[in-house]
$ cat data-v3.cif   # mmCIF, C-alpha atoms and all ligand atoms
data_coords
loop_
_atom_site.label_atom_id
_atom_site.label_comp_id
_atom_site.auth_asym_id
_atom_site.auth_seq_id
_atom_site.Cartn_x
_atom_site.Cartn_y
_atom_site.Cartn_z
CA MET K 9 116.63 75.02 120.51
CA GLY K 10 116.80 77.68 117.88
CA THR K 11 113.62 76.93 116.06
CA SER K 12 110.74 74.60 116.34
CA THR K 13 108.01 73.49 114.04
CA GLU K 14 104.82 72.59 115.71
CA LYS K 15 101.12 72.30 115.30
CA ALA K 16 99.93 74.34 118.19
CA VAL K 17 97.17 76.44 119.58
CA PRO K 18 98.59 79.46 121.35
CA ASP K 19 97.45 80.72 124.68
CA ALA K 20 94.68 83.20 125.11
CA ALA K 21 96.78 86.28 125.44
CA GLY K 22 98.97 85.40 122.56
CA GLY K 23 102.17 85.73 124.51
CA ASP K 24 102.63 82.11 125.40
CA GLY K 25 103.02 83.16 128.96
CA GLY K 26 106.42 81.67 129.45
CA GLN K 27 105.46 78.14 128.55
CA ASP K 28 108.40 77.96 126.22
CA GLY K 29 112.03 78.34 126.97
CA THR K 30 114.10 81.11 125.62
CA GLY K 31 115.79 80.32 122.35
CA GLU K 32 119.47 79.75 122.42
CA ALA K 33 121.78 82.50 121.39
CA GLU K 34 122.48 80.93 118.03
CA VAL K 35 122.55 83.54 115.30
CA ALA K 36 121.05 82.17 112.18
CA GLU K 37 123.06 83.12 109.16
CA VAL K 38 121.65 85.54 106.68
CA PRO K 39 120.56 83.09 104.04
CA ARG K 40 122.09 82.92 100.65
CA GLY K 41 119.88 84.37 98.01
CA ALA K 42 118.40 81.30 96.45
CA GLU K 43 118.21 79.42 99.66
CA ALA K 44 116.59 82.37 101.36
CA ALA K 45 113.78 82.54 98.91
CA GLU K 46 113.38 78.82 98.66
CA ALA K 47 113.32 78.53 102.38
CA ALA K 48 110.45 80.93 102.48
CA GLY K 49 108.32 78.20 101.06
CA GLU K 50 106.51 80.69 98.88
CA THR K 51 108.54 83.19 97.09
CA ASP K 52 108.72 86.07 94.82
CA GLY K 53 112.28 86.27 95.76
CA THR K 54 110.97 87.97 98.81
CA GLY K 55 109.39 84.98 100.35
CA GLU K 56 106.13 86.83 100.61
CA ASP K 57 102.90 86.67 98.74
CA ARG K 58 100.88 89.43 100.16
CA THR K 59 99.89 93.01 100.22
CA ALA K 60 102.58 93.89 102.70
CA ALA K 61 105.23 92.72 100.31
CA ALA K 62 103.91 94.99 97.61
CA ARG K 63 103.81 97.89 100.01
CA GLU K 64 107.31 97.18 101.21
CA ALA K 65 108.49 96.96 97.65
CA GLY K 66 107.53 100.54 97.04
CA THR K 67 107.32 99.67 93.38
CA ALA K 68 103.59 99.36 92.96
CA ASN K 69 104.24 95.86 91.74
CA LEU K 70 102.24 93.01 93.03
CA PRO K 71 104.11 90.28 94.77
CA ARG K 72 104.93 87.31 92.67
CA GLU K 73 103.90 83.77 92.11
CA ALA K 74 104.49 81.32 94.90
CA ALA K 75 107.39 78.97 94.47
CA PRO K 76 107.25 75.33 95.45
CA ALA K 77 107.85 74.65 99.10
CA ASP K 78 110.23 71.90 98.15
CA PRO K 79 113.36 73.38 96.63
CA ALA K 80 113.91 70.10 94.89
CA ALA K 81 110.94 70.74 92.67
CA PRO K 82 112.29 72.98 89.93
CA SER K 83 109.93 71.45 87.40
CA ALA K 84 107.17 73.49 89.00
CA ALA K 85 108.80 76.69 87.78
CA PRO K 86 106.94 78.54 85.06
CA ALA K 87 108.37 78.83 81.59
CA PRO K 88 110.88 81.66 81.28
CA SER K 89 109.51 84.90 79.99
CA THR K 90 111.04 86.02 76.71
CA THR K 91 108.97 89.13 76.07
CA PRO K 92 109.77 92.37 77.85
CA LEU K 93 106.93 93.59 79.99
CA PRO K 94 105.48 96.94 78.99
CA ARG K 95 107.42 99.62 80.75
CA THR K 96 105.61 101.99 83.02
CA PRO K 97 107.67 105.15 83.24
CA SER K 98 108.58 106.01 86.79
CA PRO K 99 111.50 107.98 88.11
CA ALA K 100 114.51 106.02 89.17
CA THR K 101 115.43 106.47 92.78
CA ARG K 102 118.29 105.51 95.00
CA PRO K 103 117.54 102.97 97.69
CA VAL K 104 116.80 104.77 100.92
CA SER K 105 115.64 101.99 103.20
CA LEU K 106 115.57 98.26 103.59
CA SER K 107 112.70 95.86 104.10
CA PRO K 108 112.90 92.10 104.51
CA SER K 109 111.54 91.66 101.00
CA ARG K 110 114.14 93.81 99.37
CA ALA K 111 116.94 92.41 101.48
CA SER K 112 115.90 88.99 100.26
CA ASP K 113 115.84 90.26 96.68
CA PHE K 114 119.42 91.44 96.89
CA MET K 115 120.57 88.22 98.45
CA GLN K 116 118.81 86.24 95.76
CA CYS K 117 120.03 88.35 92.84
CA PRO K 118 121.46 91.87 92.92
CA LEU K 119 120.16 92.57 89.42
CA LEU K 120 116.65 91.62 90.52
CA TYR K 121 116.99 94.12 93.35
CA ARG K 122 118.01 96.81 90.86
CA PHE K 123 115.09 96.05 88.55
CA ARG K 124 112.63 96.26 91.40
CA VAL K 125 113.99 99.08 93.54
CA ILE K 126 115.82 101.37 91.13
CA ASP K 127 114.31 100.74 87.68
CA LYS K 128 110.92 99.87 89.14
CA LEU K 129 110.16 97.59 86.22
CA PRO K 130 106.57 96.41 86.17
CA GLU K 131 105.74 92.86 87.11
CA LYS K 132 102.77 90.75 86.23
CA PRO K 133 100.17 90.04 88.87
CA SER K 134 99.97 86.43 89.90
CA ALA K 135 97.05 84.36 91.05
CA ALA K 136 98.98 82.89 93.99
CA ALA K 137 100.21 86.23 95.25
CA THR K 138 96.78 87.76 94.91
CA ARG K 139 95.23 84.86 96.76
CA GLY K 140 97.73 85.46 99.55
CA THR K 141 96.66 89.08 99.71
CA VAL K 142 93.02 88.07 100.02
CA VAL K 143 93.78 85.51 102.73
CA HIS K 144 95.80 88.05 104.70
CA ALA K 145 92.95 90.53 104.45
CA VAL K 146 90.50 87.99 105.84
CA LEU K 147 92.80 87.07 108.72
CA GLU K 148 93.29 90.71 109.53
CA ARG K 149 89.66 91.78 109.37
CA LEU K 150 88.36 88.71 111.11
CA PHE K 151 89.41 90.33 114.37
CA ASP K 152 87.08 93.26 113.77
CA ALA K 153 84.28 90.96 114.95
CA PRO K 154 83.69 90.08 118.62
CA ALA K 155 85.60 86.97 119.69
CA GLY K 156 82.56 84.74 119.70
CA GLN K 157 81.79 85.53 116.08
CA ARG K 158 85.22 84.60 114.72
CA THR K 159 84.28 81.31 113.16
CA ALA K 160 85.77 79.33 110.33
CA GLY K 161 82.53 79.54 108.40
CA GLY K 162 82.34 83.25 108.86
CA ALA K 163 85.93 83.66 107.74
CA ARG K 164 85.35 81.55 104.63
CA ALA K 165 82.38 83.69 103.79
CA MET K 166 84.60 86.77 103.88
CA VAL K 167 86.82 85.54 101.06
CA PRO K 168 84.69 86.56 98.03
CA GLY K 169 84.03 89.97 99.53
CA GLU K 170 87.71 90.62 100.21
CA TRP K 171 88.51 89.59 96.65
CA GLU K 172 85.91 92.04 95.35
CA LYS K 173 87.33 94.80 97.51
CA LEU K 174 90.84 94.11 96.29
CA LEU K 175 89.65 94.02 92.69
CA ALA K 176 87.94 97.38 93.12
CA LYS K 177 91.22 98.84 94.35
CA ARG K 178 93.32 97.11 91.73
CA PRO K 179 91.21 96.58 88.62
CA GLU K 180 94.23 95.29 86.73
CA LEU K 181 93.90 92.07 88.71
CA ALA K 182 90.94 91.18 86.52
CA GLU K 183 93.48 90.05 83.94
CA LEU K 184 94.17 87.03 86.09
CA PHE K 185 90.88 85.57 85.00
CA THR K 186 90.28 87.05 81.56
CA ASP K 187 90.65 83.63 79.97
CA ASP K 188 88.09 82.17 82.32
CA PRO K 189 84.71 83.14 80.85
CA ALA K 190 82.84 80.43 82.73
CA GLY K 191 84.38 81.49 86.00
CA GLU K 192 85.65 78.01 86.76
CA ARG K 193 89.20 79.04 87.53
CA LEU K 194 88.03 81.93 89.64
CA ALA K 195 85.76 79.59 91.61
CA ALA K 196 88.61 77.16 92.20
CA TRP K 197 90.92 80.00 93.17
CA LEU K 198 88.42 81.32 95.69
CA ALA K 199 87.90 77.82 97.04
CA ASP K 200 91.65 77.48 97.56
CA ALA K 201 91.68 80.75 99.46
CA GLU K 202 88.79 79.54 101.60
CA THR K 203 90.66 76.32 102.37
CA LEU K 204 93.69 78.28 103.51
CA VAL K 205 91.56 80.47 105.73
CA GLU K 206 89.81 77.47 107.20
CA ARG K 207 93.10 75.72 107.89
CA TRP K 208 94.20 78.63 110.02
CA PHE K 209 91.47 77.72 112.49
CA THR K 210 93.21 74.38 113.05
CA LEU K 211 96.38 76.24 114.04
CA GLU K 212 95.20 79.18 116.09
CA ASP K 213 92.04 80.01 117.98
CA PRO K 214 90.90 83.56 117.25
CA THR K 215 88.33 83.42 120.03
CA ARG K 216 91.28 83.36 122.45
CA LEU K 217 93.33 86.05 120.75
CA GLU K 218 93.09 89.80 120.94
CA PRO K 219 95.93 91.10 118.80
CA ALA K 220 97.54 94.33 119.87
CA ASP K 221 98.18 95.18 116.23
CA ARG K 222 97.36 93.83 112.81
CA GLU K 223 99.18 94.68 109.60
CA LEU K 224 101.41 96.93 111.64
CA TYR K 225 103.74 99.18 109.69
CA VAL K 226 107.03 99.52 111.50
CA GLU K 227 109.98 101.70 110.67
CA THR K 228 113.12 102.65 112.49
CA VAL K 229 116.48 104.23 111.77
CA LEU K 230 119.54 102.50 113.16
CA ASP K 231 122.43 104.45 114.66
CA SER K 232 124.25 103.96 111.38
CA GLY K 233 121.46 105.82 109.57
CA LEU K 234 120.06 102.71 107.88
CA GLN K 235 116.28 102.86 107.75
CA LEU K 236 114.45 99.58 108.24
CA ARG K 237 110.77 99.16 107.54
CA GLY K 238 108.13 96.55 107.01
CA PHE K 239 104.68 95.24 107.85
CA ILE K 240 104.04 92.75 110.62
CA ASP K 241 100.94 90.65 110.15
CA ARG K 242 100.03 90.43 113.80
CA VAL K 243 101.44 91.53 117.14
CA ASP K 244 100.23 89.78 120.29
CA VAL K 245 101.02 91.18 123.71
CA ALA K 246 100.52 89.04 126.80
CA PRO K 247 99.36 90.53 130.13
CA THR K 248 102.97 90.10 131.24
CA GLY K 249 104.06 92.42 128.46
CA GLU K 250 105.69 89.69 126.41
CA VAL K 251 105.41 90.30 122.71
CA ARG K 252 104.84 87.78 119.94
CA LEU K 253 105.24 88.66 116.29
CA VAL K 254 103.18 86.53 113.90
CA ASP K 255 103.46 86.19 110.15
CA TYR K 256 101.09 84.24 107.92
CA LYS K 257 102.43 82.30 104.96
CA THR K 258 100.07 80.77 102.44
CA GLY K 259 102.71 78.34 101.27
CA LYS K 260 104.05 75.23 102.94
CA ALA K 261 106.56 75.18 105.77
CA PRO K 262 110.14 74.86 104.57
CA ARG K 263 112.27 71.89 105.35
CA PRO K 264 114.28 72.54 108.52
CA GLU K 265 117.49 73.15 106.61
CA TYR K 266 115.75 76.01 104.79
CA ALA K 267 114.13 77.63 107.81
CA ASP K 268 116.70 80.41 108.16
CA GLY K 269 115.20 82.41 105.29
CA PRO K 270 111.76 83.05 106.73
CA LEU K 271 113.22 83.37 110.20
CA PHE K 272 115.53 86.08 108.92
CA GLN K 273 112.45 88.08 107.95
CA MET K 274 111.01 87.63 111.42
CA LYS K 275 114.27 88.57 113.12
CA PHE K 276 114.33 91.67 110.96
CA TYR K 277 110.95 92.62 112.37
CA ALA K 278 112.09 91.73 115.87
CA LEU K 279 115.08 94.02 115.49
CA VAL K 280 112.85 96.88 114.37
CA MET K 281 110.47 96.31 117.28
CA TRP K 282 113.36 96.14 119.70
CA ARG K 283 114.77 99.42 118.44
CA LEU K 284 111.33 101.03 118.46
CA ARG K 285 109.99 99.82 121.77
CA GLY K 286 113.03 98.62 123.65
CA ILE K 287 111.59 95.13 124.03
CA VAL K 288 112.96 91.99 122.43
CA PRO K 289 109.93 90.04 121.26
CA ARG K 290 109.47 86.89 123.28
CA ARG K 291 108.50 84.81 120.29
CA LEU K 292 108.53 84.92 116.51
CA GLN K 293 105.88 82.77 114.89
CA LEU K 294 105.38 81.79 111.28
CA VAL K 295 102.02 80.25 110.48
CA TYR K 296 102.08 78.14 107.32
CA LEU K 297 98.58 77.81 106.01
CA GLY K 298 99.62 75.68 103.06
CA SER K 299 100.84 72.82 105.20
CA GLY K 300 99.24 73.55 108.55
CA ASP K 301 102.49 74.11 110.42
CA ILE K 302 103.74 76.67 112.88
CA LEU K 303 107.41 77.59 113.02
CA THR K 304 108.55 79.45 116.11
CA TYR K 305 111.74 81.04 117.30
CA ASP K 306 112.52 82.80 120.56
CA PRO K 307 115.10 85.48 119.79
CA THR K 308 117.71 86.93 122.07
CA GLU K 309 119.42 90.30 122.08
CA ALA K 310 122.52 88.59 120.71
CA ASP K 311 120.45 87.29 117.79
CA LEU K 312 119.18 90.71 116.96
CA ARG K 313 122.59 92.35 117.22
CA GLY K 314 123.81 89.75 114.78
CA VAL K 315 120.95 90.52 112.41
CA GLU K 316 121.76 94.21 112.65
CA ARG K 317 125.41 93.60 111.75
CA LYS K 318 124.40 91.55 108.77
CA LEU K 319 121.89 94.10 107.57
CA LEU K 320 124.53 96.82 107.77
CA ALA K 321 126.90 94.72 105.70
CA LEU K 322 124.13 94.03 103.20
CA TRP K 323 123.30 97.71 103.00
CA ASP K 324 126.95 98.53 102.35
CA ALA K 325 126.91 96.12 99.43
CA ILE K 326 123.72 97.69 98.08
CA GLN K 327 125.19 101.15 98.35
CA ARG K 328 128.34 100.06 96.54
CA ALA K 329 126.28 98.61 93.71
CA THR K 330 124.15 101.74 93.58
CA ALA K 331 127.22 103.93 93.27
CA THR K 332 128.98 101.83 90.66
CA GLY K 333 126.00 100.56 88.70
CA ASP K 334 127.43 97.08 89.02
CA TRP K 335 124.37 94.96 89.67
CA ARG K 336 125.20 91.37 88.91
CA PRO K 337 122.70 88.75 87.94
CA ARG K 338 122.75 85.58 89.95
CA ARG K 339 121.11 82.74 88.14
CA THR K 340 119.31 80.19 90.25
CA LYS K 341 116.26 78.04 89.79
CA LEU K 342 114.29 80.91 91.26
CA CYS K 343 114.83 82.72 87.96
CA GLY K 344 111.80 80.76 86.80
CA TRP K 345 109.69 83.16 88.82
CA CYS K 346 111.46 86.30 87.64
CA ASP K 347 109.54 88.59 85.32
CA HIS K 348 112.71 90.14 83.99
CA GLN K 349 114.38 87.40 82.04
CA ALA K 350 113.86 89.34 78.82
CA VAL K 351 116.21 92.05 80.09
CA CYS K 352 118.55 89.79 82.00
CA PRO K 353 121.99 88.91 80.60
CA GLU K 354 121.69 85.42 82.03
CA PHE K 355 118.88 84.84 79.55
CA GLY K 356 120.33 86.74 76.60
CA GLY K 357 118.69 90.05 77.44
CA THR K 358 120.09 93.52 77.94
CA PRO K 359 119.14 95.59 80.97
CA PRO K 360 117.80 99.05 80.35
CA PRO K 361 120.36 101.84 80.68
CA TYR K 362 121.32 102.33 84.27
CA PRO K 363 119.24 105.31 85.29
CA LEU K 364 121.43 106.69 88.06
CA PRO K 365 124.60 108.72 87.59
CA VAL K 366 127.86 106.89 88.06
CA PRO K 367 130.88 109.07 88.89
CA GLY K 368 133.51 108.95 86.20
CA ARG K 369 131.48 106.91 83.81
CA ALA K 370 129.03 107.94 81.14
CA GLY K 371 126.27 106.06 79.40
CA THR K 372 124.99 102.62 80.07
CA LEU K 373 127.00 100.39 82.28
CA PRO K 374 127.46 96.82 81.25
CA VAL K 375 126.22 94.27 83.71
CA ALA K 376 128.82 91.80 84.78
CA ALA K 377 128.21 88.27 83.71
CA SER K 378 129.12 86.67 86.97
CA GLY K 379 127.10 86.84 90.12
CA GLU K 380 130.11 86.17 92.27
CA GLY K 381 130.79 88.74 94.92
CA GLN K 382 127.32 90.17 95.22
CA GLY K 383 124.27 89.03 97.03
CA ARG K 384 126.14 86.26 98.74
CA MET K 385 126.16 85.34 102.35
CA ASP K 386 129.91 85.81 102.53
CA LEU K 387 129.34 89.46 101.95
CA VAL K 388 127.23 89.80 104.98
S1 LIG L 1 116.25 86.15 85.66
FE1 LIG L 1 118.07 87.44 85.87
S2 LIG L 1 117.40 89.22 87.04
FE2 LIG L 1 115.87 87.63 87.31
S3 LIG L 1 116.51 86.55 89.20
FE3 LIG L 1 117.41 85.43 87.45
S4 LIG L 1 119.48 86.29 87.19
FE4 LIG L 1 118.29 87.73 88.46
#
$ encode --input "data-v3.cif" --output "structure tokens" --more "lines below"
Ligand code: SF4
Amino acid sequence: MGTSTEKAVPDAAGGDGGQDGTGEAEVAEVPRGAEAAEAAGETDGTGEDRTAAAREAGTANLPREAAPADPAAPSAAPAPSTTPLPRTPSPATRPVSLSPSRASDFMQCPLLYRFRVIDKLPEKPSAAATRGTVVHAVLERLFDAPAGQRTAGGARAMVPGEWEKLLAKRPELAELFTDDPAGERLAAWLADAETLVERWFTLEDPTRLEPADRELYVETVLDSGLQLRGFIDRVDVAPTGEVRLVDYKTGKAPRPEYADGPLFQMKFYALVMWRLRGIVPRRLQLVYLGSGDILTYDPTEADLRGVERKLLALWDAIQRATATGDWRPRRTKLCGWCDHQAVCPEFGGTPPPYPLPVPGRAGTLPVAASGEGQGRMDLV
């Protein structure tokens, strides 16, 4: 039993109190780039559609449009962008830490990682990603109320207010609905968010949950010096001390063969929590609001050691690319959600000059045409 998909209502304490067996010591492979993002069921190449992803990105970019849950649905991809996005000047920086989102970026496409982390190219806001941010905000703030007041109706009613709060913080999001003078698209978008929030009540019972943490920022430095960081949507701690990490996804649950991607993100968080607190989380839980599914995994120390080894290998590959300027594009059907096609060699574009110094080389580095050898599972 490595993973399970279930429709379940957790126990009151949120720790599942030992009702489930410990997961086997199987170490899920670090997913290949495309598969990783596809497996996330909702992707910006990070598999996330929420505020946390934007914060993790450290690029001030909003997370991206959700991809179809079914990887066999490439027709749902948006038309490729052919116009460069306006460039917002920001200083190039070397990667200094790794989050699940950025790890997923590199595995999907090293050049995408460069554009986001080093060049910090701007990306367009998306309605799906913004809706995810609003839904996450509701599910976080819902727990501010006493248990008895955490109702589906009350949560639905929070959606417009959370959207207004987000809009006040990020006025540029208004562009999502500039072509909607009658407000019809906005109304439908809000209704979709309300549906997602309401569906959560069919999966978990907030009157029986008292999270220990919500939107918890975690950060740790491994013995190797690699800094890991990220945001965990919810941390439940049972009276026994058992810890459950919970992540909300507004997309649909992936097919079982694609479950490793989102589980990799959760194991990343579990590794950070283990290093921070010395406790291996009892359970990792992904809550898919789009399809009404819960995916769980009970990690072991062996799992997390395996994740650490793979992250170190991934970080080595990132550091090599940073030093050489050799960031290779890797074309997949996920390119349909990439904002950077206009500057991507795979689509006839030219990347901006590499902004970091490369020993022994001057000027702009060409970007290799092949994606082989970078961002692949065999590297890690
Ligand atoms: S469009 Fe280019 S940069 Fe973007 S994901 Fe595809 S190959 Fe990578």
$ residues_near_ligand --input "data-v3.cif" --ligand "ligand LIG 1 (chain L)" --cutoff "9 Å" --atoms "all atoms listed in the file" --output "NGL selection string"
:K and (53 or 88-89 or 113 or 116-123 or 336-355 or 357 or 359 or 379)
$ closest_residue --input "data-v3.cif" --among "K:Pro365, K:Pro360, K:Asp213, K:Ser299" --to "K:Lys128" --atoms "all atoms listed in the file"
K:Pro360
$ atom_distance --input "data-v3.cif" --atom1 "atom CA of K:Ala163" --atom2 "atom CA of K:Thr215"
12.5 Å
$ closest_atom_pairs --input "data-v3.cif" --of "stretch 274-351 of chain K" --to "stretch 218-228 of chain K" --cutoff "9 Å" --atoms "all atoms listed in the file" --output "tab-separated table"
residue	atom	partner	partner_atom	distance
K:Tyr277	CA	K:Val226	CA	8.0
K:Val280	CA	K:Thr228	CA	6.1
K:Met281	CA	K:Val226	CA	7.5
K:Arg283	CA	K:Thr228	CA	7.0
K:Leu284	CA	K:Thr228	CA	6.4
$ atom_distance --input "data-v3.cif" --atom1 "atom CA of K:Leu211" --atom2 "atom CA of K:Val245"
18.4 Å
$ atom_distance --input "data-v3.cif" --atom1 "atom CA of K:Ala267" --atom2 "atom CA of K:Leu322"
19.8 Å
$ closest_residue --input "data-v3.cif" --among "K:Gly300, K:Gly156, K:Pro270, K:Gly140" --to "K:Pro108" --atoms "only C-alpha atoms"
K:Pro270
$ residues_near_point --input "data-v3.cif" --point "(113.8, 94.3, 118.6)" --cutoff "12 Å" --atoms "only C-alpha atoms" --output "PyMOL selection string"
chain K and resi 226-228+230+236+251-253+274-292+306-316
